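File shown: my_file.txt. Contents: compact mmCIF, C-alpha atoms and all ligand atoms.
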```txt
# COMPACT_ATOMS: atom_id res chain seq x y z
CA MET X 7 30.14 5.80 -4.49
CA LYS X 8 28.07 6.78 -1.45
CA LYS X 9 24.26 6.69 -1.51
CA ILE X 10 22.78 10.14 -1.15
CA ILE X 11 19.47 12.00 -1.03
CA ILE X 12 18.75 14.25 -4.00
CA ALA X 13 16.13 16.96 -3.44
CA ILE X 14 14.69 18.68 -6.51
CA ASP X 15 12.41 21.63 -5.79
CA GLY X 16 10.84 24.22 -8.02
CA TYR X 17 7.74 25.83 -9.45
CA SER X 18 4.90 23.81 -10.94
CA SER X 19 5.50 22.40 -14.41
CA SER X 20 9.17 23.37 -14.29
CA GLY X 21 10.14 19.93 -15.57
CA LYS X 22 11.24 18.75 -12.10
CA SER X 23 9.51 15.39 -12.35
CA THR X 24 10.92 14.61 -15.77
CA MET X 25 14.44 15.41 -14.67
CA ALA X 26 14.07 13.64 -11.34
CA LYS X 27 12.73 10.49 -13.05
CA ASP X 28 15.45 10.55 -15.73
CA LEU X 29 18.17 10.96 -13.12
CA ALA X 30 16.76 8.23 -10.82
CA ARG X 31 16.55 5.77 -13.73
CA GLU X 32 20.08 6.56 -14.84
CA ILE X 33 21.70 6.10 -11.42
CA GLY X 34 19.43 3.30 -10.11
CA TYR X 35 17.78 5.39 -7.37
CA HIS X 36 14.13 5.38 -6.24
CA TYR X 37 12.08 8.30 -7.49
CA ILE X 38 9.43 9.86 -5.27
CA ASP X 39 6.97 12.42 -6.58
CA SER X 40 5.89 14.31 -3.46
CA GLY X 41 3.43 16.43 -5.49
CA ALA X 42 1.55 13.23 -6.34
CA MET X 43 0.97 12.74 -2.61
CA TYR X 44 -0.62 16.20 -2.24
CA ARG X 45 -2.67 15.47 -5.35
CA ALA X 46 -3.87 12.13 -3.92
CA VAL X 47 -5.01 13.84 -0.71
CA THR X 48 -6.82 16.43 -2.85
CA LEU X 49 -8.57 13.71 -4.84
CA TYR X 50 -9.65 12.07 -1.59
CA ALA X 51 -11.05 15.40 -0.34
CA MET X 52 -12.92 15.96 -3.63
CA ARG X 53 -14.42 12.48 -3.57
CA HIS X 54 -15.56 12.86 0.03
CA GLY X 55 -17.35 16.18 -0.45
CA MET X 56 -14.72 18.15 1.47
CA ILE X 57 -14.29 20.77 -1.24
CA GLY X 58 -17.13 23.27 -1.66
CA ALA X 59 -18.45 24.71 -4.91
CA ASP X 60 -16.45 27.87 -4.18
CA GLY X 61 -13.27 25.81 -3.82
CA SER X 62 -13.08 26.12 -0.04
CA VAL X 63 -11.76 23.10 1.84
CA ASP X 64 -13.48 21.58 4.89
CA ILE X 65 -10.22 21.62 6.85
CA PRO X 66 -11.44 19.92 10.07
CA ALA X 67 -12.99 17.04 8.08
CA LEU X 68 -9.86 16.55 5.99
CA VAL X 69 -7.54 16.72 8.99
CA ALA X 70 -9.70 14.13 10.78
CA ALA X 71 -9.57 11.86 7.71
CA MET X 72 -5.77 11.99 7.28
CA PRO X 73 -5.13 8.77 9.28
CA GLN X 74 -7.42 6.95 6.82
CA ILE X 75 -5.46 8.08 3.78
CA ALA X 76 -2.75 5.66 2.69
CA ILE X 77 -0.55 6.67 -0.23
CA SER X 78 1.97 4.43 -1.90
CA PHE X 79 3.72 4.04 -5.24
CA GLU X 80 3.72 1.02 -7.49
CA LYS X 81 5.98 0.30 -10.41
CA THR X 82 3.99 -0.65 -13.52
CA MET X 83 4.94 -1.24 -17.15
CA ALA X 84 3.89 2.38 -17.81
CA GLY X 85 6.10 3.80 -15.05
CA GLN X 86 5.44 4.62 -11.43
CA HIS X 87 1.80 4.88 -10.38
CA THR X 88 0.34 6.58 -7.33
CA MET X 89 -1.97 4.46 -5.18
CA LEU X 90 -4.64 5.92 -2.89
CA ASN X 91 -5.89 3.38 -0.37
CA GLY X 92 -4.88 0.60 -2.75
CA GLU X 93 -6.48 2.15 -5.85
CA ASP X 94 -4.39 3.25 -8.81
CA VAL X 95 -5.22 6.97 -9.15
CA GLU X 96 -2.36 8.01 -11.40
CA GLN X 97 -4.68 9.32 -14.14
CA GLN X 98 -7.21 10.97 -11.83
CA ILE X 99 -4.65 12.99 -9.88
CA ARG X 100 -3.33 14.68 -13.06
CA THR X 101 -6.61 16.31 -14.11
CA MET X 102 -7.10 20.09 -14.22
CA GLU X 103 -9.75 19.71 -11.53
CA VAL X 104 -7.25 18.26 -9.07
CA SER X 105 -4.65 20.85 -10.16
CA SER X 106 -7.06 23.64 -9.37
CA HIS X 107 -7.76 22.42 -5.81
CA VAL X 108 -4.35 21.12 -4.77
CA SER X 109 -2.76 24.40 -3.64
CA PRO X 110 -5.26 25.15 -0.83
CA VAL X 111 -5.06 21.51 0.31
CA SER X 112 -1.27 21.62 0.39
CA ALA X 113 -1.36 24.83 2.44
CA ILE X 114 -2.96 22.96 5.39
CA LYS X 115 -0.42 22.53 8.16
CA GLU X 116 -1.67 19.12 9.33
CA VAL X 117 -1.75 17.73 5.79
CA ARG X 118 1.85 18.82 5.33
CA ALA X 119 2.96 17.36 8.65
CA ALA X 120 1.47 13.95 7.76
CA LEU X 121 2.93 13.90 4.25
CA VAL X 122 6.36 15.18 5.31
CA LYS X 123 6.54 12.32 7.82
CA MET X 124 5.68 9.77 5.10
CA GLN X 125 8.27 11.34 2.78
CA GLN X 126 10.99 11.18 5.44
CA GLU X 127 10.20 7.50 6.01
CA LEU X 128 10.39 6.81 2.27
CA GLY X 129 13.84 8.43 2.15
CA ALA X 130 15.26 6.85 5.29
CA GLY X 131 17.40 4.37 3.32
CA LYS X 132 18.85 7.12 1.07
CA GLY X 133 19.39 6.37 -2.63
CA ILE X 134 16.38 8.48 -3.58
CA VAL X 135 15.49 11.40 -5.80
CA MET X 136 12.47 13.29 -4.46
CA ASP X 137 10.89 16.25 -6.15
CA GLY X 138 8.52 18.86 -4.75
CA ARG X 139 8.47 22.32 -3.20
CA ASP X 140 9.98 21.90 0.26
CA ILE X 141 12.18 18.84 -0.10
CA GLY X 142 15.48 20.68 0.35
CA THR X 143 14.13 23.10 2.95
CA VAL X 144 11.84 20.99 5.19
CA VAL X 145 11.71 17.30 4.28
CA PHE X 146 15.45 16.71 3.89
CA PRO X 147 17.31 19.84 5.01
CA ASN X 148 20.47 17.70 5.14
CA ALA X 149 20.14 16.29 1.62
CA GLU X 150 23.57 15.95 0.07
CA LEU X 151 22.40 17.40 -3.25
CA LYS X 152 19.70 20.07 -3.67
CA ILE X 153 18.54 21.50 -6.96
CA PHE X 154 16.11 24.39 -7.41
CA VAL X 155 14.53 24.46 -10.86
CA ASP X 156 13.04 27.54 -12.43
CA ALA X 157 11.67 28.57 -15.82
CA SER X 158 9.34 31.40 -16.84
CA ALA X 159 5.59 30.95 -16.17
CA GLU X 160 4.98 31.11 -19.94
CA THR X 161 7.51 28.36 -20.71
CA ARG X 162 6.03 26.17 -17.99
CA ALA X 163 2.44 26.80 -19.11
CA GLN X 164 3.39 25.96 -22.68
CA ARG X 165 4.86 22.62 -21.59
CA ARG X 166 1.88 21.74 -19.42
CA TYR X 167 -0.56 22.78 -22.17
CA LYS X 168 1.18 20.45 -24.64
CA GLU X 169 1.06 17.59 -22.13
CA LEU X 170 -2.67 18.11 -21.50
CA LEU X 171 -3.44 18.31 -25.23
CA GLU X 172 -1.54 15.07 -25.80
CA LYS X 173 -3.74 13.47 -23.14
CA GLY X 174 -6.81 14.71 -25.00
CA THR X 175 -7.83 17.30 -22.35
CA SER X 176 -9.83 20.19 -23.71
CA VAL X 177 -8.21 23.30 -22.26
CA THR X 178 -6.87 26.62 -23.53
CA TYR X 179 -3.31 27.89 -23.11
CA GLU X 180 -4.70 30.89 -21.20
CA GLN X 181 -6.42 28.60 -18.67
CA VAL X 182 -3.20 26.68 -18.13
CA LEU X 183 -1.16 29.87 -17.73
CA GLU X 184 -3.67 31.18 -15.22
CA ASN X 185 -3.46 27.91 -13.25
CA VAL X 186 0.36 27.96 -13.28
CA LYS X 187 0.48 31.60 -12.09
CA GLY X 188 -2.20 30.99 -9.45
CA ARG X 189 -0.30 27.99 -8.06
CA ASP X 190 3.00 29.91 -8.09
CA PHE X 191 1.37 32.61 -6.02
CA ILE X 192 -0.22 30.28 -3.44
CA ASP X 193 2.81 27.96 -3.26
CA SER X 194 5.25 30.78 -2.63
CA THR X 195 3.15 32.90 -0.27
CA ARG X 196 1.54 30.24 1.97
CA LYS X 197 2.42 30.42 5.66
CA VAL X 198 3.55 26.80 6.05
CA SER X 199 6.67 25.74 4.12
CA PRO X 200 6.38 28.24 1.26
CA LEU X 201 8.24 27.41 -1.91
CA ARG X 202 11.68 28.95 -1.69
CA ARG X 203 15.15 28.03 -2.69
CA ALA X 204 17.24 26.46 0.08
CA THR X 205 20.35 28.57 0.60
CA ASP X 206 22.54 25.59 -0.30
CA ALA X 207 20.52 24.56 -3.39
CA ILE X 208 22.01 24.79 -6.87
CA ALA X 209 19.77 26.84 -9.18
CA LEU X 210 18.87 25.62 -12.65
CA ASP X 211 16.91 27.62 -15.21
CA ASN X 212 16.02 25.03 -17.82
CA SER X 213 13.95 27.31 -20.12
CA GLN X 214 16.46 26.85 -22.94
CA MET X 215 17.58 23.29 -22.19
CA THR X 216 16.57 20.04 -23.81
CA ARG X 217 15.71 17.01 -21.69
CA GLU X 218 19.07 15.43 -22.64
CA GLN X 219 21.03 18.56 -21.67
CA GLN X 220 19.27 18.66 -18.30
CA LEU X 221 20.13 15.06 -17.59
CA GLU X 222 23.76 15.57 -18.54
CA TRP X 223 23.96 18.62 -16.28
CA LEU X 224 22.44 16.66 -13.39
CA LEU X 225 24.64 13.60 -13.87
CA ASN X 226 27.75 15.76 -13.72
CA ILE X 227 26.72 17.33 -10.46
CA TYR X 228 25.56 14.03 -8.99
CA GLN X 229 28.90 12.38 -9.76
CA ARG X 230 30.79 15.23 -8.17
CA VAL X 231 28.73 15.06 -4.98
CA ALA X 232 28.48 11.29 -4.64
CA ASN X 233 32.22 10.82 -5.19
CA ALA X 234 33.25 13.54 -2.76
O1 LIG M 301 4.51 19.07 -8.44
P1 LIG M 301 3.00 19.13 -8.61
O2 LIG M 301 2.53 20.25 -9.48
O3 LIG M 301 2.42 17.81 -9.00
O4 LIG M 301 2.44 19.45 -7.14
C1 LIG M 301 1.09 19.61 -6.89
C2 LIG M 301 0.86 20.62 -5.79
O5 LIG M 301 1.32 20.10 -4.55
C3 LIG M 301 1.53 21.96 -5.98
O6 LIG M 301 0.59 22.95 -6.38
C4 LIG M 301 2.10 22.31 -4.64
C5 LIG M 301 1.98 21.09 -3.80
N1 LIG M 301 3.24 20.54 -3.30
C6 LIG M 301 3.71 21.00 -2.11
O7 LIG M 301 3.11 21.89 -1.52
N2 LIG M 301 4.84 20.45 -1.57
C7 LIG M 301 5.50 19.49 -2.21
N3 LIG M 301 6.59 18.97 -1.66
C8 LIG M 301 5.02 19.02 -3.46
C9 LIG M 301 3.91 19.58 -3.99
```

Just dump the structure as structure tokens.
Amino acid sequence: MKKIIIAIDGYSSSGKSTMAKDLAREIGYHYIDSGAMYRAVTLYAMRHGMIGADGSVDIPALVAAMPQIAISFEKTMAGQHTMLNGEDVEQQIRTMEVSSHVSPVSAIKEVRAALVKMQQELGAGKGIVMDGRDIGTVVFPNAELKIFVDASAETRAQRRYKELLEKGTSVTYEQVLENVKGRDFIDSTRKVSPLRRATDAIALDNSQMTREQQLEWLLNIYQRVANA
């Protein structure tokens, strides 16, 4: 079976990461969460006073700092953790605060250029599943298998709300829905690499699917492509 690149793109909280992780584990591929990289850059910007009280980003300062930002992934007993300059920031990058600042940061052209380069290097050896917004369109336009995941904003907000509650975050469903809709809007209307389905991507609406059904669906497609 040949080693391929699997690109999974879609809206926020569409279950991309869960399905990408499940698939990677099942077929022995590396999993790369490109959203975690944008989140790590956002955390760096927040910690270095580059995000104003009104949410505006000090773009020149962040662009100048990009060469000092090293992002990597480490496998731990609890799964894959994101490292920012050697520090495990897996918990910190998943907060609502980071979620509310990440879209403007990921709309910065220079930030995208730096992260896309890192992502292409990570995928150079193939045998990877990468999820994000522009993996099939910009990062790996020649990926052998591209999936575009969608689900209604309400379904996605409900899932994210449950996740946050389980983590003990105090938040309302309405706040989560507002964040999901706000990110959808920025992600799909930004000038640089807006979220859109690659013409050769296979669409999946997983609103009515269980995690097991998703995995089965993915495995079938993967086997077809990798054996071709
Ligand atoms: O998948 P996520 O919600 O963790 O991603 C966080 C943010 O990063 C999301 O609002 C959009 C951005 N992102 C992006 O612009 N391009 C990617 N390839 C991945 C994420």

Near-ligand residues for ligand LIG 301 (chain M), threshold 7 Å, only C-alpha atoms and all ligand atoms, as an MDAnalysis selection string: chainID X and resid 18:19 40:42 44:45 105 108:109 112:113 137:141 189 193

Using all atoms listed in the file, which of the listed residues (X:Val69, X:Ala119, X:Met102, X:Ala51) sits closest to Val177 in chain X? X:Met102

What does the structure give for the distance between CA of His54 in chain X and CA of Thr195 in chain X, in Å to one decimal?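 Those two atoms sit 27.4 Å apart.
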
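Taking only C-alpha atoms, the non-local environment of Ala30 in chain X within 12 Å (same-chain residues fewer than 6 positions away omitted) comprises Ile10, Ile11, Ile12, Ala13, Ile14, Lys22, Ser23, Thr24, His36, Tyr37, Ile38, Asp39, Gln86, Gly133, Ile134, Val135, Met136, Asp137, Leu221, Leu224, Leu225 and Tyr228 of chain X.
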
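Close contacts of Gln164 in chain X, defined as residues with an atom at most 12 Å away when counting only C-alpha atoms, with chain neighbours fewer than 2 positions off set aside, comprise Ser19, Ser20, Gly21, Ala157, Ser158, Ala159, Glu160, Thr161, Arg162, Arg166, Tyr167, Lys168, Glu169, Leu170, Leu171, Val177, Thr178, Tyr179, Glu180, Gln181, Val182, Leu183, Glu184, Asn185, Val186 and Ser213 of chain X.
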
Could you write out the selected residues, including C-alpha atoms, as a PDB file, keeping the file's coordinate frame?
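Saved file out.pdb follows:
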```
ATOM      1  CA  SER X  19       5.500  22.400 -14.410  1.00  0.00           C
ATOM      2  CA  SER X  20       9.170  23.370 -14.290  1.00  0.00           C
ATOM      3  CA  GLY X  21      10.140  19.930 -15.570  1.00  0.00           C
ATOM      4  CA  ALA X 157      11.670  28.570 -15.820  1.00  0.00           C
ATOM      5  CA  SER X 158       9.340  31.400 -16.840  1.00  0.00           C
ATOM      6  CA  ALA X 159       5.590  30.950 -16.170  1.00  0.00           C
ATOM      7  CA  GLU X 160       4.980  31.110 -19.940  1.00  0.00           C
ATOM      8  CA  THR X 161       7.510  28.360 -20.710  1.00  0.00           C
ATOM      9  CA  ARG X 162       6.030  26.170 -17.990  1.00  0.00           C
ATOM     10  CA  ARG X 166       1.880  21.740 -19.420  1.00  0.00           C
ATOM     11  CA  TYR X 167      -0.560  22.780 -22.170  1.00  0.00           C
ATOM     12  CA  LYS X 168       1.180  20.450 -24.640  1.00  0.00           C
ATOM     13  CA  GLU X 169       1.060  17.590 -22.130  1.00  0.00           C
ATOM     14  CA  LEU X 170      -2.670  18.110 -21.500  1.00  0.00           C
ATOM     15  CA  LEU X 171      -3.440  18.310 -25.230  1.00  0.00           C
ATOM     16  CA  VAL X 177      -8.210  23.300 -22.260  1.00  0.00           C
ATOM     17  CA  THR X 178      -6.870  26.620 -23.530  1.00  0.00           C
ATOM     18  CA  TYR X 179      -3.310  27.890 -23.110  1.00  0.00           C
ATOM     19  CA  GLU X 180      -4.700  30.890 -21.200  1.00  0.00           C
ATOM     20  CA  GLN X 181      -6.420  28.600 -18.670  1.00  0.00           C
ATOM     21  CA  VAL X 182      -3.200  26.680 -18.130  1.00  0.00           C
ATOM     22  CA  LEU X 183      -1.160  29.870 -17.730  1.00  0.00           C
ATOM     23  CA  GLU X 184      -3.670  31.180 -15.220  1.00  0.00           C
ATOM     24  CA  ASN X 185      -3.460  27.910 -13.250  1.00  0.00           C
ATOM     25  CA  VAL X 186       0.360  27.960 -13.280  1.00  0.00           C
ATOM     26  CA  SER X 213      13.950  27.310 -20.120  1.00  0.00           C
TER      27      SER X 213
END
```

For a cut-off of 6 Å around (4.3, 13.7, 2.2), file coordinates, pick out all residues using all atoms listed in the file and list them as a ChimeraX atom specification. /X:40,43,121-122,124-125

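Take CA of Gly92 in chain X and CA of Phe146 in chain X: the distance between them is 26.8 Å.
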
For a cutoff of 9 Å around the file-coordinate point (21.9, 20.6, -14.2), which residues qualify once you count only C-alpha atoms? I'd like the result as a PyMOL selection string. chain X and resi 153+155+208-212+219-227

Find, counting only C-alpha atoms, the residue in X:Gly16, X:Gly61, X:Ala130, X:Phe79 that gets nearest to Lys152 in chain X.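 Among X:Gly16, X:Gly61, X:Ala130, X:Phe79, it is X:Gly16 that comes nearest to Lys152 in chain X.
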
Could you check how far CA of Lys9 in chain X sits from CA of Val231 in chain X, in Å to one decimal? 10.1 Å

Missing atoms in range 204-219 of chain X need filling: write out N, CA and C atoms for it as a PDB file, keeping the file's coordinate frame.
```pdb
ATOM      1  N   ALA X 204      16.384  26.660  -1.088  1.00  0.00           N
ATOM      2  CA  ALA X 204      17.240  26.460   0.080  1.00  0.00           C
ATOM      3  C   ALA X 204      18.543  27.202  -0.190  1.00  0.00           C
ATOM      4  N   THR X 205      19.143  27.766   0.843  1.00  0.00           N
ATOM      5  CA  THR X 205      20.350  28.570   0.600  1.00  0.00           C
ATOM      6  C   THR X 205      21.466  27.737  -0.026  1.00  0.00           C
ATOM      7  N   ASP X 206      21.472  26.432   0.256  1.00  0.00           N
ATOM      8  CA  ASP X 206      22.540  25.590  -0.300  1.00  0.00           C
ATOM      9  C   ASP X 206      22.086  24.811  -1.546  1.00  0.00           C
ATOM     10  N   ALA X 207      20.973  25.243  -2.170  1.00  0.00           N
ATOM     11  CA  ALA X 207      20.520  24.560  -3.390  1.00  0.00           C
ATOM     12  C   ALA X 207      21.198  25.159  -4.620  1.00  0.00           C
ATOM     13  N   ILE X 208      21.434  24.320  -5.602  1.00  0.00           N
ATOM     14  CA  ILE X 208      22.010  24.790  -6.870  1.00  0.00           C
ATOM     15  C   ILE X 208      20.851  25.171  -7.782  1.00  0.00           C
ATOM     16  N   ALA X 209      20.881  26.386  -8.337  1.00  0.00           N
ATOM     17  CA  ALA X 209      19.770  26.840  -9.180  1.00  0.00           C
ATOM     18  C   ALA X 209      19.956  26.378 -10.627  1.00  0.00           C
ATOM     19  N   LEU X 210      18.845  26.008 -11.242  1.00  0.00           N
ATOM     20  CA  LEU X 210      18.870  25.620 -12.650  1.00  0.00           C
ATOM     21  C   LEU X 210      17.693  26.250 -13.373  1.00  0.00           C
ATOM     22  N   ASP X 211      17.976  27.093 -14.347  1.00  0.00           N
ATOM     23  CA  ASP X 211      16.910  27.620 -15.210  1.00  0.00           C
ATOM     24  C   ASP X 211      16.984  26.802 -16.492  1.00  0.00           C
ATOM     25  N   ASN X 212      15.955  25.964 -16.687  1.00  0.00           N
ATOM     26  CA  ASN X 212      16.020  25.030 -17.820  1.00  0.00           C
ATOM     27  C   ASN X 212      15.174  25.499 -19.008  1.00  0.00           C
ATOM     28  N   SER X 213      14.799  26.793 -19.031  1.00  0.00           N
ATOM     29  CA  SER X 213      13.950  27.310 -20.120  1.00  0.00           C
ATOM     30  C   SER X 213      14.517  26.955 -21.494  1.00  0.00           C
ATOM     31  N   GLN X 214      15.833  27.055 -21.619  1.00  0.00           N
ATOM     32  CA  GLN X 214      16.460  26.850 -22.940  1.00  0.00           C
ATOM     33  C   GLN X 214      17.145  25.496 -23.061  1.00  0.00           C
ATOM     34  N   MET X 215      16.855  24.574 -22.162  1.00  0.00           N
ATOM     35  CA  MET X 215      17.580  23.290 -22.190  1.00  0.00           C
ATOM     36  C   MET X 215      16.710  22.162 -22.704  1.00  0.00           C
ATOM     37  N   THR X 216      17.318  21.231 -23.403  1.00  0.00           N
ATOM     38  CA  THR X 216      16.570  20.040 -23.810  1.00  0.00           C
ATOM     39  C   THR X 216      16.603  19.059 -22.632  1.00  0.00           C
ATOM     40  N   ARG X 217      15.760  18.041 -22.726  1.00  0.00           N
ATOM     41  CA  ARG X 217      15.710  17.010 -21.690  1.00  0.00           C
ATOM     42  C   ARG X 217      17.095  16.339 -21.533  1.00  0.00           C
ATOM     43  N   GLU X 218      17.765  16.102 -22.660  1.00  0.00           N
ATOM     44  CA  GLU X 218      19.070  15.430 -22.640  1.00  0.00           C
ATOM     45  C   GLU X 218      20.124  16.327 -21.977  1.00  0.00           C
ATOM     46  N   GLN X 219      20.055  17.628 -22.277  1.00  0.00           N
ATOM     47  CA  GLN X 219      21.030  18.560 -21.670  1.00  0.00           C
ATOM     48  C   GLN X 219      20.841  18.635 -20.160  1.00  0.00           C
TER      49      GLN X 219
END
```
